[in-house]
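What follows is a set of notes on a single structure, which appears directly below.
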Amino acid sequence: MKKLTLGMLSAAVASSFLSTAQADVFTFQKLETPEQVRHLFPTDINDNRHLTVIGQIPNDLDIDLTRLQASTLASIGISPDEEDLENYSLSYAQYYALVQILRDGVSPQLRNPRVSFYFAGYFDGQTTSLNQFFNDTDPETPELENTSDHFFYALNNNNARVGWGTAPYRYESFSYTTSGDDPETITYEGAERDFTRQAIWSDGSQTKTYAAPEQAYLGGESAMMDINDQNIAVGFASTALSPSAVEVAAQCETAIEEETAVRSVYGCMWQRWFTLRNSTATNLQSYYDRTTIATNQSIYDMQAAVWQLDQGGEVIDVTYYPPLMERGEEDEADLSSYAYAVNNNGIAVGQSWTYYEGTAEPNRRIKMPAIFHDGQTLPITEDPDYLWGSATDINDENEVVGFLIRSIQGVQRYVGFKYDIDTDTFMELEGFFNGSSTYPTAINNSGVIVGSAEIEASLSTQRRRVGFSFESAVENARFTNLNDLVDCDANLFIATADGINNNGVITAATINEEELVDGEGETQTEQIAKTVILDPTSGEANQCSVIEDRVERQGAATGFGGLLTMLLIGGLITVRRWLKV
């Protein structure tokens with residue numbers, strides 16, 4: 001059987017520039033994106049100037065077109081009646097449209113092929129390598145190659161990195177008989193896998209994985225999101241089925257017993273998981289504000305997990321932290337907590353389900369920032385002005401940063417915050433202007449905060465964003481647009497800053513236009529995400545007068561739609577942390 005082979009692509013940067021350039025405040029180094037992927041996003045940087053990154057969108061996968069459902073074929077312009085799918089050659093546009101359709105997080109069709117979309121990466125100061133630990137390349141096993149995703153979110157100063165990966169899919173046959181006067185037996189193959197996701201630790205020479213305590217039906221979920229220099233890793237793991245999942249499982253099994261099922265028990269439970277994974281907080285929507293907040297739910301109750309590892313990644317001890325409140329009597333949905341960051345004092349921070357103003361009713365479910373320490377799950381704020389939020393990082397001074405959502409002029413906006421655990425001091429971050437949605441991603445031990453924030457004041461819910469830095473320890477400090485801190489001729493648009501180390505070195509994602517010549521010889525102009533490292537110098541801000549023109553030229557004038565919707569607010573948190581949940 002012939003599978004798709006995409007023609008080799010040649011790429012030319014629309015306006016070429018050097019990989020390193022002199023800037024007034026920062027010099028920058030652009031990391032080379034591995035050939036296997038189109039985009040490269042940073043997730044963390046350590047004091048050795050090493051990075052964890054995530055590659056997105058594979059450039060040349062083999063996809064079996066004969067397994068595509070008719071509706072999927074039609075969606076990319078192929079007639080379902082096409083007689084020679086084995087030899088059909090996809091165009092450049094068809095290939096990338098199909099990869100987007102088939103990626104695991106958005107594809108509801110288990111009869112369709114599944115494809116790898118995310119790749120865990122590590123930059124060692126010289127080169128970037130991608131890790132696909134769970135990828136099954138053995139033709140003798142039923143698991144399929146290039147059907148698993150991998151993520152690295154953080155690394156410590158020992159260069160140990162953590163994240164999670166999904167199991168590879170395989171096809172399983174299922175038969176059912178239709179009802180009516182002329183019953184027919186239908187047999188089809190649907191994709192299944194051994195687990196939904198599993199935590200990963202790697203030091204480059206060896207990789208370890210960590211299964212969840214609860215694995216019923218879909219194999220469980222676990223993830224590591226951060227690791228400190230004492231090898232304390234934090235994340236979350238499934239510890240039980242939610243009450244509603246128990247009920248759905250009973251229905252799935254009853255349908256099999258009564259021979260009324262049209263899918264396997266796995267397929268039935270996976271469909272429930274997929275629906276929850278893509279659900280939104282409908283209780284926080286209003287007629288006047290169409291902003292959607294992804295809830296990223298599961299069939300499992302998750303608990304924040306703190307693993308004490310040895311230098312080889314073996315588990316010495318693990319502690320699980322419950323949500324901020326107990327489940328309400330009428331609430332049958334999953335109730336979970338998640339740890340996203342940990343400092344060298346062993347204090348973890350993240351997010352937890354709870355109930356607005358403490359009233360445990362299903363329509364008052366919200367997620368809020370939380371601290372996990374000494375066996376206790378503690379809130380950062382219970383102010384009723386805030387409807388949703390999460391902590392994203394904590395430094396060794398026990399200063400926490402994150403975001404909260406509140407209504408500003410009738411629109412839900414993301415408000416950055418800083419919280420000092422030792423003094424119990426909470427402050428909102430001003431952002432670039434009043435009402436600017438602000439998303440802090442990291443804070444170093446000097447109190448420098450980086451992230452992404454809106455710079456365009458408009459009534460739109462999608463407003464242009466830039467990477468920022470903010471020296472929170474400096475009196476009367478103001479937000480700084482990182483685009484003003486690099487050479488005005490650098491030809492960069494810094495969309496978000498995702499990490500900062502204790503030497504003040506920042507890693508950021510840039511968006512640039514590139515001209516791509518596809519296999520048919522056609523020139524395509526597209527937005528491409530790159531990873532850069534910003535090294536501080538002794539200069540001053542440029543205050544580039546042409547910044548608006550530069551932003552327009554780099555294709556970022558339409559805000560964070562398209563390429564960056566997965567990167568920032570609108571999921572749980574950034575690529576650093578959602579891709580986190």
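Going through the structure tokens in order, the chains are called A, B, and so on, while each chain numbers its residues from 1 and the ligands are numbered from 1 in the order shown.
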Set the distance at 9 Å and use only C-alpha atoms: which residues neighbour region 475-478 of chain A once local chain neighbours fewer than 6 positions away are removed? I'd like the list as a compact mmCIF listing (two decimals) with C-alpha atoms, in the first residue's frame.
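Saved as result_29.txt:
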```txt
# COMPACT_ATOMS: atom_id res chain seq x y z
CA GLU A 430 -0.76 46.54 35.98
CA GLY A 431 0.07 45.36 32.48
CA PHE A 432 0.61 47.80 29.62
CA SER A 469 9.42 41.66 31.23
```
Residues of region 188-215 of chain A at most 9 Å from region 219-231 of chain A: nearest atom pair and distance in Å, only C-alpha atoms, as JSON lines:
```
{"residue": "A:Arg193", "atom": "CA", "partner": "A:Gly219", "partner_atom": "CA", "distance": 8.1}
{"residue": "A:Asp194", "atom": "CA", "partner": "A:Gly219", "partner_atom": "CA", "distance": 5.6}
{"residue": "A:Phe195", "atom": "CA", "partner": "A:Gly219", "partner_atom": "CA", "distance": 3.7}
{"residue": "A:Thr196", "atom": "CA", "partner": "A:Glu221", "partner_atom": "CA", "distance": 5.6}
{"residue": "A:Arg197", "atom": "CA", "partner": "A:Glu221", "partner_atom": "CA", "distance": 4.8}
{"residue": "A:Gln198", "atom": "CA", "partner": "A:Ser222", "partner_atom": "CA", "distance": 4.7}
{"residue": "A:Ala199", "atom": "CA", "partner": "A:Ala223", "partner_atom": "CA", "distance": 4.0}
{"residue": "A:Ile200", "atom": "CA", "partner": "A:Met224", "partner_atom": "CA", "distance": 6.6}
{"residue": "A:Trp201", "atom": "CA", "partner": "A:Met224", "partner_atom": "CA", "distance": 7.8}
{"residue": "A:Tyr210", "atom": "CA", "partner": "A:Ser222", "partner_atom": "CA", "distance": 7.1}
{"residue": "A:Ala211", "atom": "CA", "partner": "A:Ser222", "partner_atom": "CA", "distance": 6.4}
{"residue": "A:Ala212", "atom": "CA", "partner": "A:Ser222", "partner_atom": "CA", "distance": 5.3}
{"residue": "A:Pro213", "atom": "CA", "partner": "A:Gly220", "partner_atom": "CA", "distance": 7.5}
{"residue": "A:Glu214", "atom": "CA", "partner": "A:Gly220", "partner_atom": "CA", "distance": 5.6}
{"residue": "A:Gln215", "atom": "CA", "partner": "A:Gly220", "partner_atom": "CA", "distance": 3.9}
```
Can I get the selected residues back with N, CA and C atoms, as a PDB file, in the first residue's frame?
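Writing done, so here's out.pdb:
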```
ATOM      1  N   ARG A 193      -5.543   2.762  22.764  1.00  0.00           N
ATOM      2  CA  ARG A 193      -4.185   2.853  23.296  1.00  0.00           C
ATOM      3  C   ARG A 193      -4.178   2.391  24.744  1.00  0.00           C
ATOM      4  N   ASP A 194      -2.982   2.118  25.276  1.00  0.00           N
ATOM      5  CA  ASP A 194      -2.871   1.540  26.616  1.00  0.00           C
ATOM      6  C   ASP A 194      -3.091   2.556  27.729  1.00  0.00           C
ATOM      7  N   PHE A 195      -2.764   3.812  27.498  1.00  0.00           N
ATOM      8  CA  PHE A 195      -2.992   4.848  28.507  1.00  0.00           C
ATOM      9  C   PHE A 195      -3.182   6.184  27.806  1.00  0.00           C
ATOM     10  N   THR A 196      -3.819   7.119  28.514  1.00  0.00           N
ATOM     11  CA  THR A 196      -4.093   8.432  27.935  1.00  0.00           C
ATOM     12  C   THR A 196      -2.841   9.295  27.928  1.00  0.00           C
ATOM     13  N   ARG A 197      -2.158   9.389  29.056  1.00  0.00           N
ATOM     14  CA  ARG A 197      -0.857  10.051  29.113  1.00  0.00           C
ATOM     15  C   ARG A 197      -0.121   9.574  30.347  1.00  0.00           C
ATOM     16  N   GLN A 198       1.209   9.670  30.282  1.00  0.00           N
ATOM     17  CA  GLN A 198       2.044   9.213  31.382  1.00  0.00           C
ATOM     18  C   GLN A 198       3.198  10.191  31.583  1.00  0.00           C
ATOM     19  N   ALA A 199       3.514  10.452  32.851  1.00  0.00           N
ATOM     20  CA  ALA A 199       4.605  11.359  33.190  1.00  0.00           C
ATOM     21  C   ALA A 199       5.943  10.807  32.703  1.00  0.00           C
ATOM     22  N   ILE A 200       6.829  11.722  32.298  1.00  0.00           N
ATOM     23  CA  ILE A 200       8.149  11.365  31.774  1.00  0.00           C
ATOM     24  C   ILE A 200       9.228  12.165  32.507  1.00  0.00           C
ATOM     25  N   TRP A 201      10.323  11.505  32.845  1.00  0.00           N
ATOM     26  CA  TRP A 201      11.558  12.130  33.338  1.00  0.00           C
ATOM     27  C   TRP A 201      12.705  11.649  32.462  1.00  0.00           C
ATOM     28  N   TYR A 210       6.009   7.183  34.634  1.00  0.00           N
ATOM     29  CA  TYR A 210       5.332   7.031  35.922  1.00  0.00           C
ATOM     30  C   TYR A 210       3.834   6.885  35.680  1.00  0.00           C
ATOM     31  N   ALA A 211       3.334   5.679  35.893  1.00  0.00           N
ATOM     32  CA  ALA A 211       1.921   5.398  35.664  1.00  0.00           C
ATOM     33  C   ALA A 211       1.075   6.007  36.774  1.00  0.00           C
ATOM     34  N   ALA A 212      -0.178   6.295  36.458  1.00  0.00           N
ATOM     35  CA  ALA A 212      -1.111   6.874  37.429  1.00  0.00           C
ATOM     36  C   ALA A 212      -1.671   5.793  38.342  1.00  0.00           C
ATOM     37  N   PRO A 213      -2.074   6.156  39.576  1.00  0.00           N
ATOM     38  CA  PRO A 213      -2.690   5.180  40.482  1.00  0.00           C
ATOM     39  C   PRO A 213      -3.986   4.591  39.932  1.00  0.00           C
ATOM     40  N   GLU A 214      -4.814   5.426  39.308  1.00  0.00           N
ATOM     41  CA  GLU A 214      -6.083   4.962  38.741  1.00  0.00           C
ATOM     42  C   GLU A 214      -5.943   4.831  37.231  1.00  0.00           C
ATOM     43  N   GLN A 215      -6.192   3.612  36.725  1.00  0.00           N
ATOM     44  CA  GLN A 215      -5.990   3.355  35.304  1.00  0.00           C
ATOM     45  C   GLN A 215      -7.209   2.740  34.630  1.00  0.00           C
TER      46      GLN A 215
END
```
* **Which residue of A:Leu335, A:Val25, A:Ile57, A:Met302 approaches Val37 (chain A) most closely, using only C-alpha atoms** => A:Ile57
* Return as number ranges by chain the full set of residues in region 300-536 of chain A whose backbone-based DSSP assignment is strand (DSSP E). => A: 300-309, 315-321, 337-342, 348-355, 365-373, 376-379, 388-394, 399-408, 411-420, 425-428, 438-443, 448-454, 465-471, 480-481, 494-500, 506-517, 523-536
* If we count only C-alpha atoms, what is near Thr72 (chain A) at a cut-off of 12 Å, once residues fewer than 3 positions away on the same chain are taken out, given as an MDAnalysis selection string? -> chainID A and resid 65:69 75:80 94 97:102 107:109 111:113
* List every residue of region 72-258 of chain A that DSSP, applied to the backbone of this structure, assigns to alpha helix (DSSP H), and report them as a PyMOL selection string. => chain A and resi 72-75+92-102+243-257
* To do: List the neighbours of region 135-146 of chain A out to 8 Å using only C-alpha atoms; skip same-chain residues closer than 5 positions along the sequence, and give me the result as an MDAnalysis selection string.
  => chainID A and resid 61 115:116 167:171
Go ahead and dump the residues you just picked, N, CA and C atoms, as a PDB file, in the first residue's frame.
```pdb
ATOM      1  N   LEU A  61       4.837  13.161   7.471  1.00  0.00           N
ATOM      2  CA  LEU A  61       4.314  11.898   7.980  1.00  0.00           C
ATOM      3  C   LEU A  61       3.718  11.074   6.846  1.00  0.00           C
ATOM      4  N   VAL A 115      -2.373  10.817  14.489  1.00  0.00           N
ATOM      5  CA  VAL A 115      -1.013  11.220  14.120  1.00  0.00           C
ATOM      6  C   VAL A 115      -0.332  11.945  15.272  1.00  0.00           C
ATOM      7  N   SER A 116       0.989  11.827  15.325  1.00  0.00           N
ATOM      8  CA  SER A 116       1.790  12.626  16.252  1.00  0.00           C
ATOM      9  C   SER A 116       1.739  14.082  15.816  1.00  0.00           C
ATOM     10  N   ALA A 167       0.324   7.274  24.851  1.00  0.00           N
ATOM     11  CA  ALA A 167       0.622   5.947  24.313  1.00  0.00           C
ATOM     12  C   ALA A 167       0.329   5.902  22.819  1.00  0.00           C
ATOM     13  N   PRO A 168       1.067   5.092  22.062  1.00  0.00           N
ATOM     14  CA  PRO A 168       0.751   4.928  20.640  1.00  0.00           C
ATOM     15  C   PRO A 168      -0.570   4.176  20.469  1.00  0.00           C
ATOM     16  N   TYR A 169      -1.255   4.483  19.400  1.00  0.00           N
ATOM     17  CA  TYR A 169      -2.526   3.821  19.107  1.00  0.00           C
ATOM     18  C   TYR A 169      -2.301   2.523  18.329  1.00  0.00           C
ATOM     19  N   ARG A 170      -3.272   1.651  18.411  1.00  0.00           N
ATOM     20  CA  ARG A 170      -3.362   0.450  17.589  1.00  0.00           C
ATOM     21  C   ARG A 170      -4.813   0.310  17.146  1.00  0.00           C
ATOM     22  N   TYR A 171      -5.063  -0.483  16.146  1.00  0.00           N
ATOM     23  CA  TYR A 171      -6.434  -0.704  15.690  1.00  0.00           C
ATOM     24  C   TYR A 171      -7.000  -1.973  16.317  1.00  0.00           C
TER      25      TYR A 171
END
```
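Comparing A:Ser472, A:Ser71, A:Ser129, A:Asn445 by their smallest distance to Gln36 (chain A), the closest is A:Ser129 (using only C-alpha atoms).
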